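Colleague: File start.tsv follows (TSV, C-alpha atoms):
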```tsv
chain	number	residue	atom	x	y	z
A	1	MET	CA	15.81	-30.92	-24.47
A	2	VAL	CA	15.49	-28.60	-21.47
A	3	PRO	CA	12.05	-28.96	-19.83
A	4	PRO	CA	9.96	-25.80	-19.44
A	5	LEU	CA	10.14	-23.92	-16.18
A	6	PRO	CA	7.30	-24.67	-13.75
A	7	GLN	CA	4.56	-22.16	-13.05
A	8	ALA	CA	5.13	-19.93	-10.03
A	9	ASP	CA	3.65	-16.87	-8.38
A	10	LEU	CA	7.12	-15.52	-7.51
A	11	TRP	CA	10.26	-15.97	-9.59
A	12	LEU	CA	13.53	-15.19	-7.81
A	13	GLN	CA	16.77	-15.06	-9.76
A	14	ALA	CA	19.84	-15.93	-7.65
A	15	ALA	CA	22.90	-15.76	-9.89
A	16	SER	CA	25.28	-17.87	-7.81
A	17	ALA	CA	25.89	-19.33	-4.35
A	18	GLY	CA	25.73	-16.07	-2.37
A	19	GLU	CA	22.42	-15.08	-3.90
A	20	ALA	CA	21.10	-18.63	-3.45
A	21	TYR	CA	21.57	-18.26	0.30
A	22	LEU	CA	19.66	-14.97	0.16
A	23	ALA	CA	16.84	-16.72	-1.69
A	24	ARG	CA	16.71	-19.31	1.08
A	25	GLU	CA	16.36	-16.53	3.65
A	26	ILE	CA	13.44	-15.07	1.73
A	27	ILE	CA	11.50	-18.29	1.16
A	28	SER	CA	11.89	-19.24	4.84
A	29	THR	CA	10.54	-15.85	5.94
A	30	LEU	CA	7.64	-15.35	3.52
A	31	LYS	CA	4.25	-15.54	5.22
A	32	PRO	CA	1.68	-15.30	2.44
A	33	PRO	CA	-1.98	-15.57	3.52
A	34	ASN	CA	-2.62	-18.07	0.73
A	35	PRO	CA	-0.44	-20.85	-0.73
A	36	ILE	CA	2.09	-19.65	-3.31
A	37	ARG	CA	4.65	-21.30	-5.54
A	38	VAL	CA	8.17	-19.88	-5.75
A	39	LEU	CA	10.61	-20.60	-8.55
A	40	VAL	CA	14.26	-19.84	-7.79
A	41	THR	CA	16.72	-19.90	-10.69
A	42	THR	CA	20.49	-19.78	-10.61
A	43	ASN	CA	23.41	-19.81	-13.04
A	44	THR	CA	25.73	-22.17	-11.16
A	45	GLY	CA	25.78	-25.77	-10.02
A	46	GLN	CA	26.72	-24.69	-6.50
A	47	GLY	CA	23.75	-22.35	-6.39
A	48	LEU	CA	21.42	-25.11	-7.54
A	49	LYS	CA	22.80	-27.47	-4.89
A	50	ILE	CA	22.13	-24.89	-2.16
A	51	LEU	CA	18.58	-24.35	-3.41
A	52	ASN	CA	17.82	-28.06	-3.72
A	53	GLN	CA	18.99	-28.55	-0.14
A	54	ALA	CA	16.49	-25.88	0.88
A	55	GLY	CA	13.74	-27.67	-0.97
A	56	VAL	CA	14.07	-30.85	1.09
A	57	ARG	CA	14.45	-29.18	4.51
A	58	SER	CA	11.31	-28.16	6.38
A	59	ASP	CA	13.11	-25.29	8.16
A	60	THR	CA	13.99	-23.53	4.91
A	61	THR	CA	10.50	-23.11	3.47
A	62	SER	CA	7.69	-21.41	5.36
A	63	GLU	CA	4.07	-22.47	5.53
A	64	ASN	CA	2.06	-21.80	2.38
A	65	VAL	CA	5.25	-21.73	0.26
A	66	GLU	CA	6.15	-24.40	-2.29
A	67	MET	CA	9.59	-24.00	-3.89
A	68	ALA	CA	11.20	-25.27	-7.09
A	69	ALA	CA	14.81	-24.67	-8.18
A	70	ARG	CA	16.08	-24.62	-11.77
A	71	TYR	CA	18.91	-23.25	-13.87
A	72	PHE	CA	18.39	-19.74	-15.26
A	73	PRO	CA	17.61	-19.72	-19.00
A	74	PHE	CA	19.92	-18.04	-21.49
A	75	ASP	CA	19.28	-14.29	-21.19
A	76	ASN	CA	17.84	-13.70	-24.66
A	77	PRO	CA	14.70	-11.52	-24.93
A	78	GLN	CA	12.74	-14.09	-26.96
A	79	LEU	CA	13.77	-17.01	-24.77
A	80	MET	CA	12.96	-14.98	-21.69
A	81	LYS	CA	9.56	-14.03	-23.07
A	82	SER	CA	8.87	-17.74	-23.56
A	83	ALA	CA	10.11	-18.47	-20.01
A	84	ILE	CA	7.92	-15.79	-18.44
A	85	THR	CA	4.93	-17.04	-20.45
A	86	SER	CA	5.61	-20.54	-19.11
A	87	VAL	CA	6.16	-19.50	-15.48
A	88	ARG	CA	3.45	-16.81	-15.40
A	89	PRO	CA	4.90	-15.08	-12.32
A	90	ARG	CA	3.09	-12.23	-10.61
A	91	LEU	CA	6.45	-10.81	-9.55
A	92	ILE	CA	10.08	-11.34	-10.57
A	93	GLY	CA	12.77	-10.63	-7.97
A	94	LEU	CA	16.42	-10.05	-8.91
A	95	LEU	CA	18.78	-10.58	-5.99
A	96	GLU	CA	21.71	-8.23	-5.36
A	97	THR	CA	23.82	-7.06	-8.29
A	98	GLU	CA	23.00	-8.71	-11.61
A	99	LEU	CA	20.69	-6.92	-14.05
A	100	TRP	CA	19.52	-9.22	-16.84
A	101	PRO	CA	18.62	-7.20	-19.98
A	102	GLY	CA	16.88	-10.09	-21.75
A	103	LEU	CA	14.67	-10.80	-18.74
A	104	LEU	CA	13.98	-7.12	-18.17
A	105	ALA	CA	13.02	-6.61	-21.82
A	106	ALA	CA	10.70	-9.62	-21.73
A	107	SER	CA	9.10	-8.40	-18.51
A	108	LYS	CA	8.14	-5.17	-20.26
A	109	THR	CA	6.56	-7.12	-23.11
A	110	THR	CA	4.58	-9.37	-20.77
A	111	GLY	CA	3.72	-6.65	-18.24
A	112	THR	CA	5.38	-8.54	-15.35
A	113	PRO	CA	6.65	-6.36	-12.47
A	114	VAL	CA	10.33	-6.71	-11.53
A	115	MET	CA	11.86	-5.86	-8.16
A	116	VAL	CA	15.57	-5.72	-7.30
A	117	ILE	CA	15.99	-7.09	-3.75
A	118	ASN	CA	19.02	-6.50	-1.52
A	119	GLY	CA	20.27	-4.40	-4.39
A	120	ARG	CA	23.83	-3.11	-4.59
A	121	ILE	CA	25.78	-1.52	-7.39
A	122	ASN	CA	29.38	-0.39	-7.07
A	123	PRO	CA	30.83	2.64	-8.90
A	124	SER	CA	32.65	0.61	-11.55
A	125	SER	CA	29.51	-1.36	-12.42
A	126	LEU	CA	27.51	1.85	-12.61
A	127	ASN	CA	30.05	3.33	-15.02
A	128	ARG	CA	29.68	0.31	-17.30
A	129	TYR	CA	25.89	0.56	-17.26
A	130	MET	CA	26.02	4.32	-17.87
A	131	ALA	CA	27.69	3.72	-21.23
A	132	TRP	CA	24.12	2.99	-22.48
A	133	PRO	CA	21.86	5.02	-20.17
A	134	ALA	CA	18.95	5.28	-22.61
A	135	LEU	CA	18.86	1.51	-23.10
A	136	TRP	CA	18.83	0.76	-19.37
A	137	ARG	CA	16.09	3.30	-18.72
A	138	THR	CA	13.83	1.44	-21.13
A	139	LEU	CA	14.56	-1.74	-19.15
A	140	ALA	CA	14.11	-0.21	-15.70
A	141	PRO	CA	12.76	-2.48	-12.93
A	142	ASP	CA	9.59	-1.38	-11.17
A	143	GLN	CA	11.10	-1.17	-7.69
A	144	ILE	CA	14.56	-1.37	-6.12
A	145	LEU	CA	15.27	-2.22	-2.49
A	146	SER	CA	18.90	-1.16	-2.04
A	147	ILE	CA	21.14	-1.95	0.91
A	148	SER	CA	22.55	1.56	1.46
A	149	VAL	CA	21.92	5.21	0.72
A	150	GLN	CA	24.99	5.19	-1.54
A	151	ASP	CA	23.69	2.25	-3.56
A	152	ALA	CA	20.28	3.92	-3.80
A	153	ARG	CA	21.87	7.05	-5.24
A	154	ARG	CA	23.81	5.04	-7.80
A	155	PHE	CA	20.69	3.13	-8.84
A	156	GLY	CA	18.91	6.48	-9.07
A	157	ARG	CA	21.39	7.71	-11.66
A	158	LEU	CA	20.74	4.65	-13.81
A	159	PHE	CA	16.97	4.43	-13.20
A	160	PRO	CA	15.74	7.96	-12.36
A	161	ASP	CA	12.04	7.07	-12.68
A	162	THR	CA	12.12	3.87	-10.60
A	163	SER	CA	10.84	3.65	-7.03
A	164	ILE	CA	14.00	3.17	-4.92
A	165	SER	CA	14.20	2.67	-1.16
A	166	VAL	CA	16.78	1.48	1.37
A	167	MET	CA	16.49	-1.81	3.27
A	168	ASP	CA	18.68	-3.56	5.84
A	169	ASN	CA	20.99	-6.08	4.23
A	170	ILE	CA	19.63	-9.63	4.34
A	171	LYS	CA	23.19	-10.84	4.89
A	172	PHE	CA	23.07	-9.43	8.42
A	173	ASP	CA	20.19	-11.81	9.17
A	174	GLN	CA	22.23	-14.73	7.86
A	175	TRP	CA	25.25	-13.62	9.86
A	176	TYR	CA	23.35	-13.15	13.12
A	177	ARG	CA	22.20	-16.78	13.13
A	178	GLN	CA	25.73	-18.01	12.41
A	179	VAL	CA	27.28	-16.24	15.42
A	180	GLY	CA	28.42	-18.86	17.90
A	181	GLU	CA	27.73	-21.83	15.64
A	182	ASN	CA	30.53	-24.37	15.80
A	183	ASN	CA	30.52	-27.15	13.26
A	184	ALA	CA	34.29	-27.63	13.37
A	185	GLY	CA	34.43	-30.83	15.41
A	186	HIS	CA	35.87	-32.72	12.47
A	187	LEU	CA	38.66	-30.13	12.17
A	188	ALA	CA	39.40	-29.89	15.89
A	189	SER	CA	40.71	-33.45	15.80
A	190	LEU	CA	43.50	-32.31	13.47
A	191	PHE	CA	45.15	-30.23	16.20
A	192	GLU	CA	46.11	-30.36	19.87
A	193	PRO	CA	43.51	-28.68	22.13
A	194	ASP	CA	43.57	-24.86	22.00
A	195	PRO	CA	46.32	-24.51	19.39
A	196	LEU	CA	47.83	-21.19	18.40
A	197	PHE	CA	46.11	-21.30	15.04
A	198	VAL	CA	46.42	-18.67	12.29
A	199	VAL	CA	44.07	-18.65	9.30
A	200	PHE	CA	44.82	-16.80	6.08
A	201	GLY	CA	41.45	-16.92	4.33
A	202	SER	CA	40.58	-16.34	0.65
A	203	ILE	CA	44.09	-15.28	-0.38
A	204	ARG	CA	44.24	-13.80	-3.88
A	205	GLN	CA	47.14	-14.04	-6.32
A	206	GLU	CA	47.77	-10.29	-6.31
A	207	GLU	CA	48.54	-10.26	-2.58
A	208	GLU	CA	50.47	-13.51	-2.27
A	209	ALA	CA	53.87	-11.81	-1.89
A	210	SER	CA	52.56	-9.74	1.02
A	211	VAL	CA	50.93	-12.75	2.67
A	212	LYS	CA	54.18	-14.73	2.39
A	213	ALA	CA	55.97	-11.88	4.16
A	214	MET	CA	53.27	-11.85	6.87
A	215	LEU	CA	53.59	-15.59	7.34
A	216	ALA	CA	57.39	-15.30	7.77
A	217	ARG	CA	57.05	-12.49	10.32
A	218	ILE	CA	54.46	-14.38	12.34
A	219	HIS	CA	56.56	-17.55	12.45
A	220	GLN	CA	59.64	-15.55	13.40
A	221	ARG	CA	57.87	-14.05	16.41
A	222	VAL	CA	55.56	-16.96	17.32
A	223	PRO	CA	57.37	-20.04	15.98
A	224	GLY	CA	54.90	-22.49	17.50
A	225	ALA	CA	51.89	-21.13	15.63
A	226	ILE	CA	50.15	-23.40	13.14
A	227	VAL	CA	49.27	-21.48	9.98
A	228	ALA	CA	46.53	-22.46	7.52
A	229	VAL	CA	46.60	-20.91	4.05
A	230	PHE	CA	43.36	-20.93	2.06
A	231	PRO	CA	43.99	-19.74	-1.53
A	232	ARG	CA	40.90	-18.14	-3.03
A	233	HIS	CA	41.46	-20.14	-6.21
A	234	MET	CA	42.65	-23.74	-6.09
A	235	GLY	CA	44.72	-23.15	-9.22
A	236	ARG	CA	47.25	-21.35	-6.97
A	237	LEU	CA	47.99	-24.44	-4.89
A	238	ALA	CA	50.92	-25.51	-7.06
A	239	VAL	CA	52.52	-22.06	-6.71
A	240	TRP	CA	52.19	-22.22	-2.94
A	241	GLN	CA	53.62	-25.74	-2.83
A	242	GLU	CA	56.65	-24.65	-4.85
A	243	TYR	CA	57.18	-21.67	-2.54
A	244	LEU	CA	56.93	-23.71	0.67
A	245	ASN	CA	59.31	-26.34	-0.68
A	246	HIS	CA	61.78	-23.65	-1.72
A	247	GLN	CA	61.60	-22.14	1.77
A	248	GLN	CA	62.11	-25.60	3.26
A	249	SER	CA	59.05	-24.97	5.41
A	250	ALA	CA	57.42	-27.67	7.51
A	251	TRP	CA	54.10	-27.98	5.70
A	252	CYS	CA	51.41	-30.39	4.53
A	253	LEU	CA	48.29	-30.45	2.41
A	254	ARG	CA	45.01	-30.52	4.31
A	255	SER	CA	43.93	-33.61	2.37
A	256	HIS	CA	47.07	-35.49	3.49
A	257	ILE	CA	46.72	-34.96	7.23
A	258	LYS	CA	46.69	-38.32	9.04
A	259	THR	CA	47.77	-37.31	12.56
A	260	ARG	CA	47.61	-34.11	14.58
A	261	VAL	CA	49.46	-31.21	13.00
A	262	PRO	CA	52.61	-30.36	14.98
A	263	PRO	CA	53.20	-26.79	16.27
A	264	GLY	CA	54.91	-24.51	13.78
A	265	HIS	CA	53.59	-26.30	10.69
A	266	ILE	CA	51.87	-24.71	7.71
A	267	VAL	CA	48.72	-26.35	6.33
A	268	LEU	CA	47.98	-25.60	2.70
A	269	TRP	CA	44.21	-26.07	2.44
A	270	ASP	CA	43.25	-28.02	-0.68
A	271	THR	CA	39.69	-29.04	0.25
A	272	PHE	CA	36.51	-27.03	-0.33
A	273	GLY	CA	33.96	-25.86	2.18
A	274	GLU	CA	36.01	-25.76	5.39
A	275	LEU	CA	37.08	-22.12	5.70
A	276	ARG	CA	34.13	-21.08	7.88
A	277	ASP	CA	34.75	-24.02	10.22
A	278	ALA	CA	38.48	-23.21	10.38
A	279	TYR	CA	37.63	-19.70	11.52
A	280	THR	CA	35.84	-21.14	14.56
A	281	LEU	CA	39.17	-22.67	15.67
A	282	ALA	CA	41.40	-19.72	14.79
A	283	THR	CA	43.27	-17.62	17.33
A	284	THR	CA	43.68	-14.91	14.71
A	285	ALA	CA	42.65	-14.62	11.07
A	286	PHE	CA	43.49	-12.52	8.04
A	287	VAL	CA	40.83	-12.17	5.34
A	288	GLY	CA	42.24	-11.77	1.86
A	289	GLY	CA	41.39	-9.78	-1.22
A	290	SER	CA	42.20	-6.73	0.87
A	291	LEU	CA	45.95	-6.06	0.62
A	292	ALA	CA	45.68	-5.56	-3.14
A	293	ASP	CA	42.99	-3.31	-4.63
A	294	LEU	CA	40.44	-6.11	-4.92
A	295	GLY	CA	37.66	-4.98	-2.60
A	296	GLY	CA	38.05	-7.65	0.08
A	297	GLN	CA	36.39	-10.95	0.98
A	298	ASN	CA	33.83	-11.77	3.67
A	299	PHE	CA	35.27	-10.70	7.04
A	300	LEU	CA	31.94	-11.34	8.82
A	301	GLU	CA	32.56	-15.11	8.71
A	302	PRO	CA	35.49	-15.12	11.16
A	303	LEU	CA	33.57	-12.77	13.44
A	304	ALA	CA	30.71	-15.26	13.57
A	305	GLY	CA	33.30	-17.85	14.52
A	306	GLY	CA	34.50	-15.79	17.46
A	307	VAL	CA	37.76	-14.38	16.11
A	308	LEU	CA	38.48	-10.69	15.48
A	309	PRO	CA	39.67	-10.58	11.86
A	310	VAL	CA	42.41	-8.51	10.28
A	311	ILE	CA	41.99	-7.07	6.79
A	312	GLY	CA	44.01	-4.82	4.51
A	313	PRO	CA	42.98	-1.36	3.31
A	314	SER	CA	40.78	-2.55	0.40
A	315	TRP	CA	37.25	-3.57	1.43
A	316	TYR	CA	34.86	-1.73	-0.89
A	317	ASN	CA	32.98	-4.95	-1.74
A	318	PHE	CA	31.77	-4.87	1.86
A	319	ALA	CA	31.23	-1.15	2.24
A	320	TRP	CA	27.60	-1.97	3.08
A	321	VAL	CA	28.79	-3.22	6.49
A	322	GLY	CA	29.70	0.34	7.45
A	323	GLU	CA	32.48	2.02	9.40
A	324	ALA	CA	30.95	1.25	12.80
A	325	ILE	CA	32.38	-2.26	12.77
A	326	PHE	CA	35.90	-0.79	12.77
A	327	ASN	CA	35.08	1.90	15.30
A	328	GLN	CA	33.86	-0.82	17.69
A	329	LYS	CA	37.16	-2.68	17.14
A	330	LEU	CA	35.45	-5.81	15.87
A	331	VAL	CA	37.60	-5.78	12.72
A	332	TYR	CA	41.17	-4.47	12.45
A	333	ARG	CA	41.86	-2.61	9.20
A	334	ALA	CA	45.61	-2.55	8.55
A	335	ASP	CA	47.37	-0.06	6.30
A	336	ASN	CA	49.91	-2.59	5.01
A	337	TRP	CA	51.12	-6.16	5.47
A	338	GLN	CA	53.52	-5.22	8.27
A	339	ASP	CA	50.72	-3.64	10.28
A	340	ALA	CA	48.46	-6.64	9.63
A	341	ALA	CA	51.12	-9.16	10.70
A	342	ASP	CA	51.96	-7.23	13.87
A	343	ASN	CA	48.30	-7.17	14.92
A	344	MET	CA	48.03	-10.92	14.37
A	345	VAL	CA	51.16	-11.50	16.47
A	346	THR	CA	49.58	-9.49	19.30
A	347	SER	CA	46.44	-11.65	19.10
A	348	LEU	CA	48.57	-14.81	19.30
A	349	GLN	CA	50.46	-13.51	22.31
A	350	LYS	CA	47.32	-12.25	24.09
A	351	PRO	CA	44.38	-14.33	22.83
A	352	ILE	CA	40.88	-12.91	23.32
A	353	SER	CA	38.09	-15.08	24.71
A	354	ARG	CA	35.94	-16.47	21.89
A	355	GLY	CA	32.87	-16.15	24.08
A	356	ALA	CA	33.56	-12.46	24.67
A	357	VAL	CA	33.86	-11.91	20.93
A	358	HIS	CA	30.54	-13.69	20.34
A	359	GLU	CA	28.78	-11.44	22.83
A	360	GLU	CA	30.15	-8.26	21.25
A	361	VAL	CA	29.30	-9.48	17.76
A	362	LYS	CA	25.71	-10.37	18.73
A	363	ARG	CA	25.17	-6.91	20.19
A	364	TYR	CA	26.50	-5.33	17.01
A	365	ALA	CA	24.54	-7.59	14.66
A	366	GLN	CA	21.22	-7.05	16.47
A	367	LYS	CA	21.30	-3.40	15.40
A	368	ASN	CA	21.34	-4.37	11.73
A	369	ILE	CA	18.97	-7.31	11.35
A	370	GLY	CA	15.47	-7.25	9.86
A	371	GLY	CA	16.13	-6.85	6.12
A	372	THR	CA	14.57	-10.19	5.22
A	373	ASP	CA	11.32	-9.26	6.96
A	374	GLN	CA	11.27	-5.88	5.21
A	375	ALA	CA	11.71	-7.45	1.79
A	376	CYS	CA	9.19	-10.24	2.41
A	377	ARG	CA	6.44	-7.88	3.52
A	378	ILE	CA	6.88	-5.85	0.30
A	379	ILE	CA	6.93	-9.03	-1.82
A	380	GLU	CA	3.73	-10.23	-0.12
A	381	SER	CA	2.03	-6.91	-0.82
A	382	TYR	CA	2.77	-7.37	-4.54
A	383	LEU	CA	1.41	-10.90	-4.52
A	384	ILE	CA	-1.77	-9.86	-2.73
A	385	THR	CA	-2.53	-6.95	-5.04
A	386	THR	CA	-1.89	-8.96	-8.22
A	387	ARG	CA	-4.04	-12.00	-7.41
```
As C-alpha cells, please, write out the structure in this file.

Modeller:
Amino acid sequence: MVPPLPQADLWLQAASAGEAYLAREIISTLKPPNPIRVLVTTNTGQGLKILNQAGVRSDTTSENVEMAARYFPFDNPQLMKSAITSVRPRLIGLLETELWPGLLAASKTTGTPVMVINGRINPSSLNRYMAWPALWRTLAPDQILSISVQDARRFGRLFPDTSISVMDNIKFDQWYRQVGENNAGHLASLFEPDPLFVVFGSIRQEEEASVKAMLARIHQRVPGAIVAVFPRHMGRLAVWQEYLNHQQSAWCLRSHIKTRVPPGHIVLWDTFGELRDAYTLATTAFVGGSLADLGGQNFLEPLAGGVLPVIGPSWYNFAWVGEAIFNQKLVYRADNWQDAADNMVTSLQKPISRGAVHEEVKRYAQKNIGGTDQACRIIESYLITTR
C-alpha cells in the first residue's frame, strides 16, 4: 500500500528529471521568514533520485525549508482530492509544461491556489489543449509565470482569465553556475592530452543518416580526430554498431575502453550520464535533434563546457533562449548537414580557447539570470498571505 503524502506548505510537481533540477533551484533559493515544509513530487525514478540527492545535501535546501520527495499520485480527480487533503498545501506549483487535469480539478474543489512556474507551452501542445477550451478554462490555474512573451500569449489563449506574467527562465540560473565547471577528469584519462575530439550529442534516429555523412566528411578532412557518438536512445546502439562494422571503421564502445583511444577512432557511447563531461573535453560538438524537425536538444550544455556548439535548423524546443545567442556567435546554426560538418572541420583546424569561450558565455548568461529569485519571491508572498 502506498503511504499517504506528507503534509507540506508548498507542493511542487516536477514531472521528470529536468523539472526536478528546477525544483532544486527553487528550494535552494526560497527564503521564507518562518519554517516551511516543501513536498516535491515527480513521475520518474530519475527525477526522484535527483530530488533525494537534494534532500541530503545542505547546499540544496535553504534555511527554514524542509523538503520531502515522493512519486506523483495517479492524476485522477478523486485521488488528487484525497492527496491534497492529506498534504494540505497552501500553494501548488506546476513546473514548466505539464498541466494535470485531475490535480487542477481537485484544487478547485479544495480551494487550493495553483501556480505554473517557469511555464512554457509550444504551439502543438496549445492546439491539443484547445480541442477542449471550455474544459481547460474551468481548470485554470490561479497564476502563470511564463518564460517568454510568446508563451504568455499562448497561455492567454487557453486561460484568458488567469493572471499571466513573464519571468526569466530558471534554466539560465542553472546554466550560469555550470559555466567553467569541469568534472571530466575521469574521461580525460581515456585520451592523449588535448585531443582533437568531436562530440555528436543526443543524436536522434531521424537524423542518423545525416550524422553518418557528417562523420565521414570530418574524418576525410581531419583523419586524426576522435569522434564520440552519443545516441539519444540506447536502443539505437545496435544499429550504430552494425553501421560502423559495415564501414570497417576503427571504433569501440565506451564501456570497453581499457587504454587511451587512438587518433582517428570512433567511440560509441553506451554509458549514461557522461555527455556533459564529454563536452568539457570537446574541440567541437554537434547537438542533435536539430537536423530533423524535432526541435533540438540542449545546446547550452556544451557552451557551459567551453565549446561553441553546432546545431541544425530545428531548435524550437529551445526558442526561449532567443536569437541573441546566434547573433553573438556563441552557437552556430547550420542549414544542413554539409554546412554543419564544414563548421566543425573549421573548429578542428583552428581550435578556439576554452577559456575565451567561458568568458563570452558568462557575459551572455549574466544578462539572463534571476528567474529563480523572481519565482521564489512570488511563492513566498503566497505563503505569507495564506498563513

Colleague: List as a PyMOL selection string the protein and nucleic acid residues near A:Trp337, meaning an atom at most 8 Å away when all atoms listed in the file are counted, but skip any in the same chain fewer than 2 places from it.

Modeller: chain A and resi 210-211+213-214+291+312+334-335+339-341

Colleague: Take the residues just selected and output them with C-alpha atoms as a CSV table (one decimal), keeping the file's coordinate frame.

Modeller:
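See part_29.csv below for the written result:
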```
chain,number,residue,atom,x,y,z
A,210,SER,CA,52.6,-9.7,1.0
A,211,VAL,CA,50.9,-12.8,2.7
A,213,ALA,CA,56.0,-11.9,4.2
A,214,MET,CA,53.3,-11.8,6.9
A,291,LEU,CA,46.0,-6.1,0.6
A,312,GLY,CA,44.0,-4.8,4.5
A,334,ALA,CA,45.6,-2.6,8.6
A,335,ASP,CA,47.4,-0.1,6.3
A,339,ASP,CA,50.7,-3.6,10.3
A,340,ALA,CA,48.5,-6.6,9.6
A,341,ALA,CA,51.1,-9.2,10.7
```

Colleague: I need the residue nearest A:Tyr364 from this list: A:Ala216, A:Ala209, A:Ala285, A:Val179. Use all atoms listed in the file for the distance.

Modeller: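 Residue with the minimum atom-to-atom distance to A:Tyr364: A:Val179.
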
Colleague: For a test of reading the model, state the distance in Å between atom CA of A:Gln247 and atom CA of A:Glu192, rounded to one decimal.

Modeller: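 Between atom CA of A:Gln247 and atom CA of A:Glu192 the gap is 25.2 Å.
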
Colleague: Do a neighbour search on A:Lys31 at 9 Å with all atoms listed in the file, toss out local chain neighbours closer than 5 positions, and write the hits as an MDAnalysis selection string.

Modeller: chainID A and resid 62:65 376:377 380

Colleague: Looking at only C-alpha atoms, which of A:Asn182, A:Gly119, A:Asp373, A:Ile384 is the one that sits closest to A:Gly355?

Modeller: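 Distance minimum relative to A:Gly355 lands on A:Asn182.
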
Colleague: Between atom CA of A:Glu181 and atom CA of A:Thr280, measure the distance and give it in Å to one decimal.

Modeller: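 We find that atom CA of A:Glu181 and atom CA of A:Thr280 lie 8.2 Å from each other.
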
Colleague: Out of A:Asn52, A:Gln297, A:Gln349, A:Thr29, which residue has the shortest atom-to-atom distance to A:Gln374 when counting all atoms listed in the file?

Modeller: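 For A:Gln374, the nearest of the given residues is A:Thr29.
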
Colleague: Considering all atoms listed in the file, state which residue in the set A:Asp194, A:Asp75, A:Glu242, A:Asp277 is at the smallest distance from A:Leu104.

Modeller: A:Asp75

Colleague: Please provide the set of residues having any atom within 8 Å of A:Ala278, restricted to all atoms listed in the file, with same-chain residues fewer than 2 positions apart removed, written as a list in words.

Modeller: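 In the requested format, the answer is Ala184, Leu187, Val199, Glu274, Leu275, Arg276, Thr280, Leu281 and Ala282 of chain A.
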
Colleague: Limited to C-alpha atoms, could you put the picked residues into a file as a tab-separated table (two decimals), in the frame of the given file?

Modeller:
```
chain	number	residue	atom	x	y	z
A	184	ALA	CA	34.29	-27.63	13.37
A	187	LEU	CA	38.66	-30.13	12.17
A	199	VAL	CA	44.07	-18.65	9.30
A	274	GLU	CA	36.01	-25.76	5.39
A	275	LEU	CA	37.08	-22.12	5.70
A	276	ARG	CA	34.13	-21.08	7.88
A	280	THR	CA	35.84	-21.14	14.56
A	281	LEU	CA	39.17	-22.67	15.67
A	282	ALA	CA	41.40	-19.72	14.79
```

Colleague: Can you list every residue of stretch 189-234 of chain A that has an atom at most 12 Å from stretch 345-348 of chain A, with its nearest atom pair and the distance in Å to one decimal, using only C-alpha atoms, ordered by chain then number, as a Markdown table?

Modeller:
```
| residue | atom | partner | partner_atom | distance |
| --- | --- | --- | --- | --- |
| A:Asp194 | CA | A:Leu348 | CA | 11.5 |
| A:Pro195 | CA | A:Leu348 | CA | 10.0 |
| A:Leu196 | CA | A:Leu348 | CA | 6.5 |
| A:Phe197 | CA | A:Leu348 | CA | 8.1 |
| A:Val198 | CA | A:Leu348 | CA | 8.3 |
| A:Val199 | CA | A:Leu348 | CA | 11.6 |
| A:Met214 | CA | A:Val345 | CA | 9.8 |
| A:Leu215 | CA | A:Val345 | CA | 10.3 |
| A:Ala216 | CA | A:Val345 | CA | 11.4 |
| A:Arg217 | CA | A:Val345 | CA | 8.6 |
| A:Ile218 | CA | A:Val345 | CA | 6.0 |
| A:His219 | CA | A:Val345 | CA | 9.1 |
| A:Gln220 | CA | A:Val345 | CA | 9.9 |
| A:Arg221 | CA | A:Val345 | CA | 7.2 |
| A:Val222 | CA | A:Val345 | CA | 7.1 |
| A:Pro223 | CA | A:Val345 | CA | 10.6 |
| A:Gly224 | CA | A:Leu348 | CA | 10.1 |
| A:Ala225 | CA | A:Leu348 | CA | 8.0 |
| A:Ile226 | CA | A:Leu348 | CA | 10.7 |
| A:Val227 | CA | A:Leu348 | CA | 11.5 |
```

Colleague: Name the closest residue to A:Val357 among the candidates A:Ala188, A:Pro231, A:Ile117, A:Gly180; distances are taken between atoms, counting all atoms listed in the file.

Modeller: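 Looking at the shortest contact to A:Val357, the residue is A:Gly180.
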
Colleague: I want to know what sits within 7 Å of stretch 77-90 of chain A, based on all atoms listed in the file, with residues of the same chain fewer than 2 positions away left out; could you give that as a VMD selection string?

Modeller: chain A and resid 4 to 11 75 92 102 to 103 105 to 106 112 383 386

Colleague: For each of A:Gly201, A:Pro313, A:Pro262, A:Gly156, take the minimum atom-to-atom distance to A:Tyr279, counting all atoms listed in the file, then give the residue where this is smallest.

Modeller: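 Closest candidate: A:Gly201.
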
Colleague: So how many Å separate atom CA of A:Asp168 and atom CA of A:Arg24, to one decimal?

Modeller: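 We find that atom CA of A:Asp168 and atom CA of A:Arg24 lie 16.6 Å from each other.
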